[in-house]
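Below is one structure, written out as structure tokens, with a few remarks after it.
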Amino acid sequence: MPQVLIVSSDADYRAVASRVLQKAGHDVVAVPHAGHALIECIQRPTTSVLVINDEGADGPASDVARRLKRYSRNLRVVSMCDRATVGRGDASVVRPFTADDLLAAIEAACAATEQQGR
């Protein structure tokens with residue numbers, strides 16, 4: 001199962017998403033901002049999936065992901081968006097989304113990794 005890093009300033013979302021993903025068997029760390037995410041990626045370079053707001057307080061998800069990928073090279077990005085977009089990370093979920101939507105997005109991001117490795 002992938003190691004998932006959730007970055008969100010919303011403490012309630014972090015708690016609920018962590019429970020959902022842990023129940024599905026994922027190893028989860030949830031942090032409030034990109035600074036904590038950077039520390040996690042330095043300490044756990046095997047982190048494989050980043051779940052982050054497309055446009056958050058830390059800037060665009062693509063910029064945050066670029067910084068984190070220096071330490072977690074195989075990091076895949078699941079972007080949380082307010083509307084459907086193309087090319088945002090490896091997978092995305094549109095708010096409001098369900099637990100199943102989030103799990104499917106993580107699976108899609110991981111599948112992208114497997115296809116690139118072939």
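How things are named: the first chain in the structure tokens is A, the next is B, and so on; residues count from 1 in each chain; ligands count from 1 in the order shown.
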> Which residues come within 7 Å of stretch 90-98 of chain A, counting only C-alpha atoms, excluding same-chain residues fewer than 5 positions away, as a PyMOL selection string?
Replying inline: chain A and resi 76-84+105+108-109+112
Expected file: the selected residues, N, CA, C and O atoms, as a compact mmCIF listing (two decimals), in the first residue's frame:
# COMPACT_ATOMS: atom_id res chain seq x y z
N ARG A 76 3.62 10.90 -6.21
CA ARG A 76 2.50 11.14 -7.11
C ARG A 76 1.56 12.11 -6.45
O ARG A 76 1.43 12.13 -5.22
N VAL A 77 0.87 12.92 -7.24
CA VAL A 77 0.04 14.00 -6.69
C VAL A 77 -1.44 13.77 -7.00
O VAL A 77 -1.81 13.57 -8.15
N VAL A 78 -2.24 13.81 -5.93
CA VAL A 78 -3.69 13.81 -6.05
C VAL A 78 -4.12 15.21 -5.64
O VAL A 78 -3.94 15.63 -4.51
N SER A 79 -4.66 15.92 -6.61
CA SER A 79 -5.05 17.31 -6.41
C SER A 79 -6.54 17.41 -6.08
O SER A 79 -7.36 16.82 -6.77
N MET A 80 -6.85 18.17 -5.04
CA MET A 80 -8.26 18.42 -4.68
C MET A 80 -8.65 19.75 -5.31
O MET A 80 -8.03 20.78 -5.02
N CYS A 81 -9.67 19.73 -6.19
CA CYS A 81 -10.05 20.90 -6.97
C CYS A 81 -11.51 21.28 -6.73
O CYS A 81 -12.30 20.45 -6.30
N ASP A 82 -11.84 22.51 -7.08
CA ASP A 82 -13.23 22.96 -7.00
C ASP A 82 -13.99 22.69 -8.29
O ASP A 82 -15.21 22.71 -8.31
N ARG A 83 -13.25 22.45 -9.37
CA ARG A 83 -13.90 22.11 -10.64
C ARG A 83 -12.97 21.18 -11.42
O ARG A 83 -11.76 21.16 -11.17
N ALA A 84 -13.55 20.43 -12.32
CA ALA A 84 -12.76 19.48 -13.10
C ALA A 84 -11.74 20.23 -13.95
O ALA A 84 -12.05 21.23 -14.59
N ALA A 105 -8.88 8.05 -6.73
CA ALA A 105 -7.85 8.97 -7.21
C ALA A 105 -6.46 8.50 -6.79
O ALA A 105 -5.51 8.59 -7.59
N ALA A 108 -5.56 5.69 -9.04
CA ALA A 108 -5.22 6.20 -10.37
C ALA A 108 -3.81 6.79 -10.38
O ALA A 108 -3.05 6.58 -11.33
N ALA A 109 -3.46 7.52 -9.34
CA ALA A 109 -2.12 8.10 -9.26
C ALA A 109 -1.06 7.01 -9.19
O ALA A 109 -0.02 7.09 -9.84
N ALA A 112 -0.58 5.34 -12.53
CA ALA A 112 0.24 6.16 -13.42
C ALA A 112 1.71 5.87 -13.17
O ALA A 112 2.51 5.80 -14.10
> Which residues, written as a ChimeraX atom specification, have at least one atom at most 8 Å from stretch 1-10 of chain A, with only C-alpha atoms counted and residues fewer than 2 positions away on the same chain left out?
Replying inline: /A:12-14,18,25-34,37,46-53,56-57,110
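With only C-alpha atoms as the atoms that count, the minimum distance from A:Leu75 to the choices A:Gln22, A:Cys41, A:Asp101, A:Ala15 is reached by A:Cys41.
Secondary structure by DSSP on the backbone puts the following residues of stretch 5-100 of chain A in strand (DSSP E or B): Leu5, Ile6, Val7, Asp27, Val28, Val29, Ala30, Val31, Val49, Leu50, Val51, Ile52, Asn53, Glu55, Gly56, Gly59, Pro60, Arg76, Val77, Val78, Ser79, Met80, Cys81, Ala91, Ser92, Val93 and Val94 of chain A.
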Go ahead and write the residues just picked, N, CA, C and O atoms, as an mmCIF file, in the first residue's frame.
data_model
loop_
_atom_site.group_PDB
_atom_site.id
_atom_site.type_symbol
_atom_site.label_atom_id
_atom_site.label_comp_id
_atom_site.auth_asym_id
_atom_site.auth_seq_id
_atom_site.Cartn_x
_atom_site.Cartn_y
_atom_site.Cartn_z
ATOM 1 N N LEU A 5 0.669 11.198 2.035
ATOM 2 C CA LEU A 5 0.891 12.430 2.777
ATOM 3 C C LEU A 5 -0.234 13.393 2.423
ATOM 4 O O LEU A 5 -0.396 13.754 1.248
ATOM 5 N N ILE A 6 -1.041 13.772 3.411
ATOM 6 C CA ILE A 6 -2.142 14.712 3.206
ATOM 7 C C ILE A 6 -1.689 16.076 3.695
ATOM 8 O O ILE A 6 -1.215 16.205 4.821
ATOM 9 N N VAL A 7 -1.835 17.099 2.846
ATOM 10 C CA VAL A 7 -1.514 18.468 3.235
ATOM 11 C C VAL A 7 -2.791 19.287 3.112
ATOM 12 O O VAL A 7 -3.313 19.474 2.014
ATOM 13 N N ASP A 27 -0.733 3.724 4.714
ATOM 14 C CA ASP A 27 0.103 4.352 5.736
ATOM 15 C C ASP A 27 -0.055 5.852 5.508
ATOM 16 O O ASP A 27 0.294 6.354 4.440
ATOM 17 N N VAL A 28 -0.604 6.593 6.488
ATOM 18 C CA VAL A 28 -0.986 7.998 6.277
ATOM 19 C C VAL A 28 -0.316 8.920 7.285
ATOM 20 O O VAL A 28 -0.259 8.614 8.472
ATOM 21 N N VAL A 29 0.157 10.050 6.774
ATOM 22 C CA VAL A 29 0.604 11.164 7.603
ATOM 23 C C VAL A 29 -0.157 12.383 7.094
ATOM 24 O O VAL A 29 -0.228 12.614 5.885
ATOM 25 N N ALA A 30 -0.730 13.147 8.014
ATOM 26 C CA ALA A 30 -1.485 14.344 7.631
ATOM 27 C C ALA A 30 -0.868 15.559 8.323
ATOM 28 O O ALA A 30 -0.637 15.537 9.533
ATOM 29 N N VAL A 31 -0.601 16.601 7.539
ATOM 30 C CA VAL A 31 0.048 17.807 8.063
ATOM 31 C C VAL A 31 -0.703 19.054 7.599
ATOM 32 O O VAL A 31 -1.394 19.030 6.580
ATOM 33 N N VAL A 49 2.382 9.151 -2.295
ATOM 34 C CA VAL A 49 1.240 9.926 -2.791
ATOM 35 C C VAL A 49 1.046 11.163 -1.923
ATOM 36 O O VAL A 49 1.014 11.079 -0.700
ATOM 37 N N LEU A 50 0.916 12.297 -2.587
ATOM 38 C CA LEU A 50 0.615 13.569 -1.942
ATOM 39 C C LEU A 50 -0.818 13.946 -2.272
ATOM 40 O O LEU A 50 -1.193 13.988 -3.441
ATOM 41 N N VAL A 51 -1.630 14.185 -1.243
ATOM 42 C CA VAL A 51 -3.001 14.670 -1.430
ATOM 43 C C VAL A 51 -2.995 16.115 -0.960
ATOM 44 O O VAL A 51 -2.682 16.398 0.192
ATOM 45 N N ILE A 52 -3.323 17.041 -1.884
ATOM 46 C CA ILE A 52 -3.164 18.463 -1.584
ATOM 47 C C ILE A 52 -4.185 19.299 -2.342
ATOM 48 O O ILE A 52 -4.623 18.910 -3.440
ATOM 49 N N ASN A 53 -4.566 20.442 -1.769
ATOM 50 C CA ASN A 53 -5.451 21.378 -2.474
ATOM 51 C C ASN A 53 -4.742 21.900 -3.709
ATOM 52 O O ASN A 53 -3.551 22.241 -3.649
ATOM 53 N N GLU A 55 -5.123 24.734 -5.214
ATOM 54 C CA GLU A 55 -4.698 26.103 -4.900
ATOM 55 C C GLU A 55 -4.879 26.303 -3.407
ATOM 56 O O GLU A 55 -5.971 26.562 -2.927
ATOM 57 N N GLY A 56 -3.798 26.152 -2.654
ATOM 58 C CA GLY A 56 -3.889 26.281 -1.209
ATOM 59 C C GLY A 56 -3.080 27.457 -0.699
ATOM 60 O O GLY A 56 -2.492 28.216 -1.463
ATOM 61 N N GLY A 59 0.432 27.883 -1.931
ATOM 62 C CA GLY A 59 0.629 28.089 -3.364
ATOM 63 C C GLY A 59 0.064 26.935 -4.165
ATOM 64 O O GLY A 59 -0.570 26.029 -3.610
ATOM 65 N N PRO A 60 0.288 26.965 -5.465
ATOM 66 C CA PRO A 60 -0.236 25.897 -6.331
ATOM 67 C C PRO A 60 0.338 24.528 -5.955
ATOM 68 O O PRO A 60 1.515 24.416 -5.593
ATOM 69 N N ARG A 76 3.615 10.896 -6.210
ATOM 70 C CA ARG A 76 2.502 11.137 -7.113
ATOM 71 C C ARG A 76 1.562 12.115 -6.446
ATOM 72 O O ARG A 76 1.435 12.131 -5.224
ATOM 73 N N VAL A 77 0.865 12.924 -7.239
ATOM 74 C CA VAL A 77 0.042 13.997 -6.691
ATOM 75 C C VAL A 77 -1.435 13.772 -6.996
ATOM 76 O O VAL A 77 -1.814 13.574 -8.151
ATOM 77 N N VAL A 78 -2.240 13.806 -5.928
ATOM 78 C CA VAL A 78 -3.692 13.815 -6.053
ATOM 79 C C VAL A 78 -4.124 15.214 -5.644
ATOM 80 O O VAL A 78 -3.941 15.630 -4.508
ATOM 81 N N SER A 79 -4.660 15.923 -6.607
ATOM 82 C CA SER A 79 -5.047 17.310 -6.408
ATOM 83 C C SER A 79 -6.536 17.414 -6.084
ATOM 84 O O SER A 79 -7.359 16.821 -6.773
ATOM 85 N N MET A 80 -6.854 18.170 -5.036
ATOM 86 C CA MET A 80 -8.255 18.417 -4.678
ATOM 87 C C MET A 80 -8.652 19.753 -5.308
ATOM 88 O O MET A 80 -8.033 20.779 -5.025
ATOM 89 N N CYS A 81 -9.670 19.729 -6.189
ATOM 90 C CA CYS A 81 -10.054 20.905 -6.971
ATOM 91 C C CYS A 81 -11.512 21.276 -6.728
ATOM 92 O O CYS A 81 -12.304 20.447 -6.296
ATOM 93 N N ALA A 91 -3.601 12.668 -10.577
ATOM 94 C CA ALA A 91 -5.032 12.389 -10.460
ATOM 95 C C ALA A 91 -5.654 13.553 -9.703
ATOM 96 O O ALA A 91 -4.945 14.333 -9.061
ATOM 97 N N SER A 92 -6.967 13.660 -9.798
ATOM 98 C CA SER A 92 -7.626 14.741 -9.062
ATOM 99 C C SER A 92 -9.004 14.286 -8.598
ATOM 100 O O SER A 92 -9.566 13.341 -9.134
ATOM 101 N N VAL A 93 -9.497 14.987 -7.580
ATOM 102 C CA VAL A 93 -10.854 14.793 -7.098
ATOM 103 C C VAL A 93 -11.489 16.175 -7.028
ATOM 104 O O VAL A 93 -10.838 17.152 -6.691
ATOM 105 N N VAL A 94 -12.758 16.230 -7.409
ATOM 106 C CA VAL A 94 -13.483 17.497 -7.425
ATOM 107 C C VAL A 94 -14.388 17.557 -6.213
ATOM 108 O O VAL A 94 -15.140 16.620 -5.937
#
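For the pair atom CA of A:Ala99 and atom CA of A:Val16, the separation is 9.2 Å.
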> Can you list, as a PyMOL selection string, every residue of chain A that DSSP puts in alpha helix (DSSP H)?
Replying inline: chain A and resi 11-23+34-43+61-68+99-116
>> Using Å and a single decimal, report how far atom CA of A:Arg44 sits from atom CA of A:Arg73.
In response: 11.0 Å
